[in-house]
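Q: Take this structure first; my questions come after.
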Protein chains: 2
Amino acid sequence: MAQRIPAREGDPVDAIETPALVVDLDALEHNLDAMAAAVAASGLRLRPHAKSHKCPDIARLQLARGAVGVCCQKTDEAIAFVDAGVPDVLLTNEVVAPAKLRRLADAARRSRVGLLVDSDAGARAASAAAADAGSVLDAYVEVDVGAGRCGVAPGDAGALARRVASLPGLRYAGLHCYHGAAQHLRTPQARAQAIASARERVLAAKAAVTAAGLDTTVVTGAGTGTWPLERASGVWNELQPGSYVFMDADYGRNALGPGDVAFAQALFVLASVTSTPAPGRAVCDAGLKALTFDSGLPVVHGRDGVAYERASDEHGVLATDAAARPLALGERVWLIPGHCDPTANLYDWIVGLRGDRVAAVWPVAARGALA
Amino acid sequence: MAQRIPAREGDPVDAIETPALVVDLDALEHNLDAMAAAVAASGLRLRPHAKSHKCPDIARLQLARGAVGVCCQKTDEAIAFVDAGVPDVLLTNEVVAPAKLRRLADAARRSRVGLLVDSDAGARAASAAAADAGSVLDAYVEVDVGAGRCGVAPGDAGALARRVASLPGLRYAGLHCYHGAAQHLRTPQARAQAIASARERVLAAKAAVTAAGLDTTVVTGAGTGTWPLERASGVWNELQPGSYVFMDADYGRNALGPGDVAFAQALFVLASVTSTPAPGRAVCDAGLKALTFDSGLPVVHGRDGVAYERASDEHGVLATDAAARPLALGERVWLIPGHCDPTANLYDWIVGLRGDRVAAVWPVAARGALA
């Protein structure tokens with residue numbers, strides 16, 4: 001069931017079988033360097049989110065630039081990175097299924113492994129698995145700082161932290177405070193307001209933990225849309241951006257503020273024109289199974305006057321302005337995905353380009369790691 | 001990179017690791033039987049579209065019920081079904097890349113293989129590959145019958161059919177006339193109108209082919225939304241429905257007319273509740289990587305008063321009405337995907353349930369077959 005390897009090192013771009021997930025390595029390295037430098041200068045910890053790339057080769061580039069470890073979002077994704085030798089993996093999600101907790105607790109004998117808790121039952125289940133495995137899991141209390149997804153209210157963080165600290169097999173590792181809903185607010189002002197409000201909630205949660213007699217050494221969170229705000233907040237001390245390595249059309253619509261870094265678009269779906277049935281219309285081989293559309297249509301890169309108009313399972317319909325050069329049969333089309341994370345999950349391989357040559361073909365080791 | 005096998009035969013439902021792609025085998029067989037009977041009664045050929053399931057085990061059930069072969073949508077998908085022993089595979093898409101045509105022409109030495117052409121260049125490329133391989137490809141002229149995607153205008157079908165018939169390695173096999181845009185028109189009247197208009201275009205294309213001195217033995221097309229209309233048209237003689245095996249929330253929104261068959265919802269994403277952070281809100285483990293959202297949100301099945309409200313990469317936020325029983329941590333949630341085809345492509349395994357026991361675990365052999 002593995003996907004065909006779309007290219008070999010040394011191949012020219014024209015030899016890549018399409019559709020393929022292609023990364024411009026110069027742009028990727030620019031993004032990795034820029035984030036590493038920006039976080040290092042602040043003295044904070046950088047723990048990039050590996051759910052964006054699911055690729056140990058990219059995680060190694062992040063670790064080599066000072067990342068303390070990676071974040072993952074599912075049990076088998078975390079285990080893929082432990083198996084790849086990443087020494088410190090934080091699963092930024094609640095896990096309550098005993099079979100998954102057993103796998104995580106087993107992985108915690110090989111690497112440092114953390115997870116989130118937002119319930120007494122969740123803490124007890126994780127504790128039981130770790131105690132059985134003879135390992136220790138880092139348990140972070142998740143606080144709802146405004147996203148309205150998982151997490152306890154700030155005032156409840158103290159009692160849950162105490163509970164975690166009392167259970168065998170768990171180490172109270174800190175607070176997980178991620179405001180997902182703030183990442184794609186379009187203006188710097190709206191993002192600043194959301195993170196200012198989240199900051200108040202983090203302070204309340206920290207105070208509750210202190211009142212419960214515990215120290216909070218790590219407050220972890222932030223994403224590609226807001227990380228300069230958490231960095232400057234004085235309360236977060238570990239940042240988790242993920243998408244910055246690749247970027248996508250949706251993040252491209254965020255207006256940048258004074259503290260933001262302009263990351264380069266490094267990720268593309270390379271497609272080919274398979275039909276030119278009528279003037280102004282062409283069809284390419286990348287549709288609903290080659291890109292995800294949860295954050296809108298892909299954007300055509302490097303070809304003025306050409307737009308990706310609609311998709312079916314394996315077709316993308318491209319519209320060409322009357323003034324633009326018509327698309328030719330077989331022509332390559334570079335698409336910027338609407339949303340990088342779920343799009344990367346559709347591919348088994350990342351093709352790394354240096355200029356117009358394939359310089360790397362990396363396995364997306366945690367592709368499909370849903371459990 | 002393969003996904004963990006989520007269950008074993010004989011397991012109870014509660015042992016399935018989530019999220020998982022689950023098929024109710026009774027419902028699946030009902031759908032397979034109903035379509036086979038409806039098409040057999042008309043004397044037409046049934047060539048179900050395998051892009052919906054990508055699963056040779058399901059293709060075998062279709063062939064056992066009289067299907068003449070399957071349709072596929074990509075080269076490597078077609079080859080997966082040839083490799084699985086399907087004797088007749090029609091790739092309902094244009095293929096122009098020489099490397100892909102080489103693979104198809106090679107597969108055509110093992111099974112009957114067809115593809116679509118809508119250009120002279122496409123026909124020549126396919127001919128060259130087949131001639132090189134010493135095989136014969138069935139070439140269908142694609143006609144745009146209203147979808148505005150690929151295909152020649154009806155009046156141009158004759159010249160292209162003649163061209164196909166003149167080229168070595170190609171056999172002019174008929175006309176491909178699929179009106180994708182009609183499948184999800186919500187009312188029977190709107191669908192009937194669209195297919196009536198498509199029928200006029202098919203007749204014009206057939207006339208053009210006849211005028212060019214060729215016979216058209218097969219007119220192939222239709223989908224789950226419109227197949228009773230093509231069946232009754234007197235012009236189509238091969239039907240290609242795909243989604244009927246599974247069904248999805250989007251097809252569930254089509255109002256049925258007098259000639260339609262009510263297919264059962266056979267496909268689910270089985271998810272689990274991982275967080276119950278606030279009254280009326282729960283979070284499950286199936287998000288943007290477990291379902292696709294191009295046709296809207298999934299629908300919660302069998303749990304009145306619970307709705308899937310929004311998704312992030314690996315979270316689904318569920319809202320519970322005040323009157324409904326609250327969701328419990330670890331509780332299983334049955335989700336009807338918005339769109340079955342791209343959702344099935346996210347999984348390596350289909351778990352087949354008979355009642356509340358796992359009776360089959362089938363590989364999604366063509367998962368990720370994008371090339």
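Order determines the names: the first chain of the structure tokens is A, the second B, and so forth; residues in each chain are numbered 1 upward, and ligands are numbered 1 upward as they are shown.
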Could you write out as a PDB file with N, CA and C atoms, in the first residue's frame the residues of chain A within 7 Å of chain B, counting only C-alpha atoms?
A:
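Result went into iface-v7.pdb, see below:
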ATOM      1  N   MET A   1       0.804  -1.218   0.000  1.00  0.00           N
ATOM      2  CA  MET A   1       0.000   0.000   0.000  1.00  0.00           C
ATOM      3  C   MET A   1       0.834   1.263   0.000  1.00  0.00           C
ATOM      4  N   GLN A   3       2.968   4.327  -1.246  1.00  0.00           N
ATOM      5  CA  GLN A   3       2.910   5.151  -2.448  1.00  0.00           C
ATOM      6  C   GLN A   3       4.225   4.991  -3.223  1.00  0.00           C
ATOM      7  N   GLU A  17       7.416  12.286 -10.673  1.00  0.00           N
ATOM      8  CA  GLU A  17       6.048  11.853 -10.998  1.00  0.00           C
ATOM      9  C   GLU A  17       5.062  12.675 -10.178  1.00  0.00           C
ATOM     10  N   THR A  18       4.013  13.102 -10.805  1.00  0.00           N
ATOM     11  CA  THR A  18       3.024  13.944 -10.136  1.00  0.00           C
ATOM     12  C   THR A  18       1.727  13.169  -9.927  1.00  0.00           C
ATOM     13  N   PRO A  19       0.889  13.653  -8.963  1.00  0.00           N
ATOM     14  CA  PRO A  19       1.205  14.728  -8.022  1.00  0.00           C
ATOM     15  C   PRO A  19       2.222  14.279  -6.970  1.00  0.00           C
ATOM     16  N   GLN A  73       0.855  14.724  17.828  1.00  0.00           N
ATOM     17  CA  GLN A  73      -0.568  14.900  18.125  1.00  0.00           C
ATOM     18  C   GLN A  73      -1.307  13.577  18.328  1.00  0.00           C
ATOM     19  N   GLU A  94      -4.892  14.766  24.728  1.00  0.00           N
ATOM     20  CA  GLU A  94      -5.330  13.813  25.735  1.00  0.00           C
ATOM     21  C   GLU A  94      -5.327  12.406  25.131  1.00  0.00           C
ATOM     22  N   VAL A  95      -4.867  11.440  25.890  1.00  0.00           N
ATOM     23  CA  VAL A  95      -4.937  10.036  25.485  1.00  0.00           C
ATOM     24  C   VAL A  95      -5.583   9.288  26.642  1.00  0.00           C
ATOM     25  N   VAL A  96      -6.680   8.587  26.363  1.00  0.00           N
ATOM     26  CA  VAL A  96      -7.370   7.877  27.455  1.00  0.00           C
ATOM     27  C   VAL A  96      -7.549   6.386  27.174  1.00  0.00           C
ATOM     28  N   ALA A  97      -7.287   5.944  25.947  1.00  0.00           N
ATOM     29  CA  ALA A  97      -7.468   4.526  25.613  1.00  0.00           C
ATOM     30  C   ALA A  97      -6.331   3.708  26.224  1.00  0.00           C
ATOM     31  N   ARG A 149     -11.632  24.166  23.151  1.00  0.00           N
ATOM     32  CA  ARG A 149     -11.496  22.793  22.665  1.00  0.00           C
ATOM     33  C   ARG A 149     -11.319  21.912  23.903  1.00  0.00           C
ATOM     34  N   CYS A 150     -10.145  21.402  24.184  1.00  0.00           N
ATOM     35  CA  CYS A 150      -9.917  20.624  25.397  1.00  0.00           C
ATOM     36  C   CYS A 150      -9.405  21.550  26.499  1.00  0.00           C
ATOM     37  N   GLY A 151      -9.146  20.966  27.677  1.00  0.00           N
ATOM     38  CA  GLY A 151      -8.491  21.709  28.744  1.00  0.00           C
ATOM     39  C   GLY A 151      -9.418  22.106  29.872  1.00  0.00           C
ATOM     40  N   VAL A 152      -8.826  22.195  31.067  1.00  0.00           N
ATOM     41  CA  VAL A 152      -9.586  22.630  32.241  1.00  0.00           C
ATOM     42  C   VAL A 152      -9.638  24.152  32.280  1.00  0.00           C
ATOM     43  N   THR A 274      -3.259  17.454 -17.501  1.00  0.00           N
ATOM     44  CA  THR A 274      -3.605  16.223 -18.214  1.00  0.00           C
ATOM     45  C   THR A 274      -4.635  16.457 -19.310  1.00  0.00           C
ATOM     46  N   SER A 275      -5.232  17.646 -19.328  1.00  0.00           N
ATOM     47  CA  SER A 275      -6.276  17.923 -20.324  1.00  0.00           C
ATOM     48  C   SER A 275      -6.367  19.427 -20.517  1.00  0.00           C
ATOM     49  N   PRO A 277      -9.084  21.090 -22.437  1.00  0.00           N
ATOM     50  CA  PRO A 277     -10.256  20.834 -23.276  1.00  0.00           C
ATOM     51  C   PRO A 277     -10.865  22.053 -23.938  1.00  0.00           C
ATOM     52  N   VAL A 283      -7.007  21.058 -16.974  1.00  0.00           N
ATOM     53  CA  VAL A 283      -7.278  20.175 -15.844  1.00  0.00           C
ATOM     54  C   VAL A 283      -5.963  19.526 -15.439  1.00  0.00           C
ATOM     55  N   LEU A 288      -8.965  16.204  -4.823  1.00  0.00           N
ATOM     56  CA  LEU A 288      -9.309  16.063  -3.397  1.00  0.00           C
ATOM     57  C   LEU A 288      -8.476  15.017  -2.662  1.00  0.00           C
ATOM     58  N   LYS A 289      -7.773  14.164  -3.418  1.00  0.00           N
ATOM     59  CA  LYS A 289      -6.925  13.167  -2.755  1.00  0.00           C
ATOM     60  C   LYS A 289      -5.455  13.577  -2.754  1.00  0.00           C
ATOM     61  N   ALA A 290      -5.147  14.707  -3.385  1.00  0.00           N
ATOM     62  CA  ALA A 290      -3.765  15.188  -3.451  1.00  0.00           C
ATOM     63  C   ALA A 290      -3.545  16.429  -2.591  1.00  0.00           C
ATOM     64  N   PHE A 293      -8.925  20.456   1.401  1.00  0.00           N
ATOM     65  CA  PHE A 293      -9.624  21.697   1.060  1.00  0.00           C
ATOM     66  C   PHE A 293     -10.305  22.307   2.284  1.00  0.00           C
ATOM     67  N   ASP A 294      -9.941  21.844   3.482  1.00  0.00           N
ATOM     68  CA  ASP A 294     -10.564  22.361   4.711  1.00  0.00           C
ATOM     69  C   ASP A 294     -10.215  23.824   4.951  1.00  0.00           C
ATOM     70  N   ASP A 313     -12.299  14.260  -7.174  1.00  0.00           N
ATOM     71  CA  ASP A 313     -11.376  13.373  -6.466  1.00  0.00           C
ATOM     72  C   ASP A 313      -9.940  13.458  -6.986  1.00  0.00           C
ATOM     73  N   GLU A 314      -9.794  13.353  -8.310  1.00  0.00           N
ATOM     74  CA  GLU A 314      -8.438  13.289  -8.871  1.00  0.00           C
ATOM     75  C   GLU A 314      -8.232  14.316  -9.976  1.00  0.00           C
ATOM     76  N   VAL A 317      -9.482  21.671 -11.657  1.00  0.00           N
ATOM     77  CA  VAL A 317      -9.798  22.491 -12.824  1.00  0.00           C
ATOM     78  C   VAL A 317      -9.123  23.850 -12.663  1.00  0.00           C
ATOM     79  N   GLY A 330       0.699  18.397 -20.178  1.00  0.00           N
ATOM     80  CA  GLY A 330       1.933  17.931 -19.555  1.00  0.00           C
ATOM     81  C   GLY A 330       2.668  18.981 -18.757  1.00  0.00           C
ATOM     82  N   PRO A 342      -2.701  18.589   6.973  1.00  0.00           N
ATOM     83  CA  PRO A 342      -3.417  17.420   6.434  1.00  0.00           C
ATOM     84  C   PRO A 342      -3.031  17.097   5.000  1.00  0.00           C
ATOM     85  N   LEU A 346      -1.190  13.184   3.207  1.00  0.00           N
ATOM     86  CA  LEU A 346      -1.651  12.400   2.057  1.00  0.00           C
ATOM     87  C   LEU A 346      -0.496  11.742   1.298  1.00  0.00           C
ATOM     88  N   TYR A 347       0.730  12.039   1.709  1.00  0.00           N
ATOM     89  CA  TYR A 347       1.898  11.587   0.953  1.00  0.00           C
ATOM     90  C   TYR A 347       2.804  10.708   1.810  1.00  0.00           C
ATOM     91  N   ALA A 365       7.274   9.441   7.770  1.00  0.00           N
ATOM     92  CA  ALA A 365       7.222   8.211   8.564  1.00  0.00           C
ATOM     93  C   ALA A 365       5.928   8.069   9.355  1.00  0.00           C
ATOM     94  N   ALA A 366       5.331   9.185   9.750  1.00  0.00           N
ATOM     95  CA  ALA A 366       4.110   9.112  10.566  1.00  0.00           C
ATOM     96  C   ALA A 366       2.859   9.395   9.733  1.00  0.00           C
ATOM     97  N   ARG A 367       2.985   9.289   8.416  1.00  0.00           N
ATOM     98  CA  ARG A 367       1.799   9.431   7.548  1.00  0.00           C
ATOM     99  C   ARG A 367       0.724   8.438   8.004  1.00  0.00           C
ATOM    100  N   GLY A 368      -0.486   8.933   8.180  1.00  0.00           N
ATOM    101  CA  GLY A 368      -1.583   8.033   8.523  1.00  0.00           C
ATOM    102  C   GLY A 368      -1.572   7.502   9.941  1.00  0.00           C
ATOM    103  N   ALA A 369      -0.727   8.048  10.786  1.00  0.00           N
ATOM    104  CA  ALA A 369      -0.646   7.570  12.181  1.00  0.00           C
ATOM    105  C   ALA A 369      -1.797   8.166  12.985  1.00  0.00           C
ATOM    106  N   LEU A 370      -2.975   7.655  12.758  1.00  0.00           N
ATOM    107  CA  LEU A 370      -4.186   8.218  13.367  1.00  0.00           C
ATOM    108  C   LEU A 370      -4.410   7.743  14.793  1.00  0.00           C
ATOM    109  N   ALA A 371      -3.953   6.558  15.124  1.00  0.00           N
ATOM    110  CA  ALA A 371      -4.284   5.972  16.440  1.00  0.00           C
ATOM    111  C   ALA A 371      -3.496   6.648  17.558  1.00  0.00           C
TER     112      ALA A 371
END
Q: Got a sec: who's within 8 Å of B:Gly114, counting only C-alpha atoms, leaving out chain neighbours fewer than 3 positions off, as a list in words?
A: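 My reading of the contact set: Val89, Leu90, Leu91, Thr92, Leu137, Asp138, Ala139 and Tyr140 of chain B.
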Q: Can you tell me, as number ranges by chain, what residues are no more than 7 Å from stretch 23-35 of chain A when counting only C-alpha atoms, ignoring any on the same chain fewer than 5 positions away?
A: A: 62, 244-246, 263-268, 350-354
Q: Store the residues picked out above in a file with N, CA, C and O atoms, as a PDB file, in the first residue's frame.
A:
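result-v2.pdb written:
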ATOM      1  N   GLN A  62      15.553  20.201  12.889  1.00  0.00           N
ATOM      2  CA  GLN A  62      15.090  21.082  13.969  1.00  0.00           C
ATOM      3  C   GLN A  62      15.914  20.864  15.235  1.00  0.00           C
ATOM      4  O   GLN A  62      16.311  21.828  15.899  1.00  0.00           O
ATOM      5  N   TYR A 244       5.414  26.618  10.328  1.00  0.00           N
ATOM      6  CA  TYR A 244       6.433  27.552   9.822  1.00  0.00           C
ATOM      7  C   TYR A 244       7.434  26.859   8.918  1.00  0.00           C
ATOM      8  O   TYR A 244       8.048  27.501   8.055  1.00  0.00           O
ATOM      9  N   VAL A 245       7.654  25.562   9.095  1.00  0.00           N
ATOM     10  CA  VAL A 245       8.641  24.883   8.244  1.00  0.00           C
ATOM     11  C   VAL A 245       8.205  24.900   6.786  1.00  0.00           C
ATOM     12  O   VAL A 245       9.028  25.027   5.883  1.00  0.00           O
ATOM     13  N   PHE A 246       6.882  24.747   6.557  1.00  0.00           N
ATOM     14  CA  PHE A 246       6.330  24.625   5.202  1.00  0.00           C
ATOM     15  C   PHE A 246       5.609  25.899   4.746  1.00  0.00           C
ATOM     16  O   PHE A 246       5.726  26.319   3.631  1.00  0.00           O
ATOM     17  N   PHE A 263       7.992  33.964   6.938  1.00  0.00           N
ATOM     18  CA  PHE A 263       8.502  32.664   6.509  1.00  0.00           C
ATOM     19  C   PHE A 263       8.235  32.485   5.020  1.00  0.00           C
ATOM     20  O   PHE A 263       7.275  33.030   4.471  1.00  0.00           O
ATOM     21  N   ALA A 264       9.098  31.689   4.403  1.00  0.00           N
ATOM     22  CA  ALA A 264       8.980  31.467   2.957  1.00  0.00           C
ATOM     23  C   ALA A 264       8.058  30.287   2.682  1.00  0.00           C
ATOM     24  O   ALA A 264       8.001  29.338   3.459  1.00  0.00           O
ATOM     25  N   GLN A 265       7.355  30.339   1.567  1.00  0.00           N
ATOM     26  CA  GLN A 265       6.551  29.184   1.160  1.00  0.00           C
ATOM     27  C   GLN A 265       7.501  28.088   0.685  1.00  0.00           C
ATOM     28  O   GLN A 265       8.137  28.222  -0.358  1.00  0.00           O
ATOM     29  N   ALA A 266       7.592  27.014   1.454  1.00  0.00           N
ATOM     30  CA  ALA A 266       8.542  25.937   1.130  1.00  0.00           C
ATOM     31  C   ALA A 266       7.855  24.698   0.574  1.00  0.00           C
ATOM     32  O   ALA A 266       8.509  23.853  -0.038  1.00  0.00           O
ATOM     33  N   LEU A 267       6.553  24.579   0.785  1.00  0.00           N
ATOM     34  CA  LEU A 267       5.826  23.356   0.427  1.00  0.00           C
ATOM     35  C   LEU A 267       4.952  23.574  -0.808  1.00  0.00           C
ATOM     36  O   LEU A 267       4.213  24.560  -0.877  1.00  0.00           O
ATOM     37  N   PHE A 268       4.999  22.617  -1.700  1.00  0.00           N
ATOM     38  CA  PHE A 268       4.165  22.665  -2.897  1.00  0.00           C
ATOM     39  C   PHE A 268       3.643  21.273  -3.209  1.00  0.00           C
ATOM     40  O   PHE A 268       4.299  20.272  -2.905  1.00  0.00           O
ATOM     41  N   ILE A 350       8.350  12.998   0.824  1.00  0.00           N
ATOM     42  CA  ILE A 350       8.610  14.415   0.575  1.00  0.00           C
ATOM     43  C   ILE A 350       9.816  14.495  -0.359  1.00  0.00           C
ATOM     44  O   ILE A 350      10.874  13.925  -0.062  1.00  0.00           O
ATOM     45  N   VAL A 351       9.637  15.179  -1.471  1.00  0.00           N
ATOM     46  CA  VAL A 351      10.727  15.369  -2.424  1.00  0.00           C
ATOM     47  C   VAL A 351      11.382  16.714  -2.126  1.00  0.00           C
ATOM     48  O   VAL A 351      10.714  17.754  -2.200  1.00  0.00           O
ATOM     49  N   GLY A 352      12.643  16.700  -1.774  1.00  0.00           N
ATOM     50  CA  GLY A 352      13.369  17.928  -1.456  1.00  0.00           C
ATOM     51  C   GLY A 352      14.140  18.411  -2.672  1.00  0.00           C
ATOM     52  O   GLY A 352      14.946  17.670  -3.239  1.00  0.00           O
ATOM     53  N   LEU A 353      13.884  19.647  -3.066  1.00  0.00           N
ATOM     54  CA  LEU A 353      14.552  20.225  -4.241  1.00  0.00           C
ATOM     55  C   LEU A 353      15.620  21.216  -3.812  1.00  0.00           C
ATOM     56  O   LEU A 353      15.400  22.040  -2.913  1.00  0.00           O
ATOM     57  N   ARG A 354      16.765  21.149  -4.503  1.00  0.00           N
ATOM     58  CA  ARG A 354      17.783  22.203  -4.364  1.00  0.00           C
ATOM     59  C   ARG A 354      17.890  22.801  -5.755  1.00  0.00           C
ATOM     60  O   ARG A 354      18.411  22.152  -6.665  1.00  0.00           O
TER      61      ARG A 354
END
Q: Once DSSP has gone over the backbone, tell me which residues of stretch 116-174 of chain B are in strand (DSSP E or B), as an MDAnalysis selection string.
A: chainID B and resid 116:117 137:143 152 170:174
Q: Write a file of the selected residues as an mmCIF file, in the first residue's frame, keeping N, CA and C atoms.
A:
data_model
loop_
_atom_site.group_PDB
_atom_site.id
_atom_site.type_symbol
_atom_site.label_atom_id
_atom_site.label_comp_id
_atom_site.auth_asym_id
_atom_site.auth_seq_id
_atom_site.Cartn_x
_atom_site.Cartn_y
_atom_site.Cartn_z
ATOM 1 N N LEU B 116 -8.950 7.136 -21.058
ATOM 2 C CA LEU B 116 -9.683 8.156 -21.804
ATOM 3 C C LEU B 116 -8.718 9.018 -22.609
ATOM 4 N N VAL B 117 -9.207 9.500 -23.746
ATOM 5 C CA VAL B 117 -8.451 10.495 -24.507
ATOM 6 C C VAL B 117 -9.394 11.646 -24.841
ATOM 7 N N LEU B 137 -4.310 -0.937 -25.711
ATOM 8 C CA LEU B 137 -5.112 -0.201 -24.727
ATOM 9 C C LEU B 137 -6.468 0.129 -25.342
ATOM 10 N N ASP B 138 -7.523 -0.081 -24.561
ATOM 11 C CA ASP B 138 -8.844 0.398 -24.960
ATOM 12 C C ASP B 138 -8.866 1.910 -24.784
ATOM 13 N N ALA B 139 -9.156 2.640 -25.830
ATOM 14 C CA ALA B 139 -9.205 4.101 -25.720
ATOM 15 C C ALA B 139 -10.646 4.568 -25.908
ATOM 16 N N TYR B 140 -11.142 5.252 -24.917
ATOM 17 C CA TYR B 140 -12.483 5.837 -24.960
ATOM 18 C C TYR B 140 -12.338 7.333 -25.200
ATOM 19 N N VAL B 141 -13.111 7.847 -26.105
ATOM 20 C CA VAL B 141 -13.121 9.288 -26.316
ATOM 21 C C VAL B 141 -14.003 9.917 -25.246
ATOM 22 N N GLU B 142 -13.399 10.814 -24.461
ATOM 23 C CA GLU B 142 -14.207 11.480 -23.438
ATOM 24 C C GLU B 142 -14.940 12.664 -24.052
ATOM 25 N N VAL B 143 -16.233 12.722 -23.777
ATOM 26 C CA VAL B 143 -17.067 13.809 -24.270
ATOM 27 C C VAL B 143 -17.519 14.640 -23.078
ATOM 28 N N VAL B 152 -13.926 16.274 -25.067
ATOM 29 C CA VAL B 152 -14.132 17.073 -26.283
ATOM 30 C C VAL B 152 -15.600 17.468 -26.387
ATOM 31 N N LEU B 170 -3.883 1.099 -30.027
ATOM 32 C CA LEU B 170 -5.137 1.576 -29.436
ATOM 33 C C LEU B 170 -6.319 0.902 -30.127
ATOM 34 N N ARG B 171 -7.337 0.626 -29.337
ATOM 35 C CA ARG B 171 -8.603 0.151 -29.878
ATOM 36 C C ARG B 171 -9.659 1.192 -29.528
ATOM 37 N N TYR B 172 -10.361 1.712 -30.504
ATOM 38 C CA TYR B 172 -11.451 2.647 -30.191
ATOM 39 C C TYR B 172 -12.557 1.849 -29.491
ATOM 40 N N ALA B 173 -12.745 2.138 -28.197
ATOM 41 C CA ALA B 173 -13.616 1.284 -27.370
ATOM 42 C C ALA B 173 -14.976 1.903 -27.120
ATOM 43 N N GLY B 174 -15.117 3.197 -27.356
ATOM 44 C CA GLY B 174 -16.420 3.806 -27.132
ATOM 45 C C GLY B 174 -16.302 5.224 -26.614
#
Q: State, in Å with one decimal place, the distance from atom CA of A:Ala307 to atom CA of A:Ala319.
A: 5.3 Å
Q: Would you kindly return, as a PDB file with C-alpha atoms, in the first residue's frame, each protein, DNA or RNA residue with an atom no farther than 8 Å from any atom of stretch 231-234 of chain A, considering only C-alpha atoms and excluding same-chain residues fewer than 3 positions away?
A:
ATOM      1  CA  VAL A  39      13.520  31.680  19.784  1.00  0.00           C
ATOM      2  CA  SER A  42      14.689  35.051  23.628  1.00  0.00           C
ATOM      3  CA  LEU A  44      12.950  30.210  25.433  1.00  0.00           C
ATOM      4  CA  ARG A 199      -2.024  35.247  28.988  1.00  0.00           C
ATOM      5  CA  TRP A 227       4.469  32.640  18.559  1.00  0.00           C
ATOM      6  CA  PRO A 228       6.071  36.124  18.751  1.00  0.00           C
ATOM      7  CA  ASN A 237       8.691  29.503  28.139  1.00  0.00           C
ATOM      8  CA  LEU A 239       7.025  27.396  21.937  1.00  0.00           C
TER       9      LEU A 239
END
Q: Which residues, written as a PyMOL selection string, have at least one atom at most 8 Å from B:Ala192, with only C-alpha atoms counted and residues fewer than 4 positions away on the same chain left out?
A: chain B and resi 188+196+226+229
Q: Enter the distance from atom CA of B:Arg109 to atom CA of B:Asp132, in Å, rounded to one decimal.
A: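 Taking atom CA of B:Arg109 as the start and atom CA of B:Asp132 as the end point, the length is 11.8 Å.
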Q: Please extract the residues of stretch 77-251 of chain A with a backbone DSSP assignment of alpha helix (DSSP H) and present them as JSON, numbers by chain.
A: {"A": [77, 78, 79, 80, 81, 82, 83, 98, 99, 100, 101, 102, 103, 104, 105, 106, 107, 120, 121, 122, 123, 124, 125, 126, 127, 128, 129, 130, 131, 132, 133, 157, 158, 159, 160, 161, 162, 163, 164, 165, 166, 188, 189, 190, 191, 192, 193, 194, 195, 196, 197, 198, 199, 200, 201, 202, 203, 204, 205, 206, 207, 208, 209, 210, 211, 227, 228, 229, 230, 231, 232, 249, 250, 251]}
Q: Nearest to B:Lys54 among B:Leu101, B:Leu203, B:Val70, B:Ala147, with distances taken over only C-alpha atoms: which residue is it?
A: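 Counting only C-alpha atoms, the residue closest to B:Lys54 is B:Val70.
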Q: Just the number, please: distance in Å from atom CA of A:Ala133 to atom CA of A:Arg102, one decimal.
A: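 Between these atoms lies a distance of 7.3 Å.
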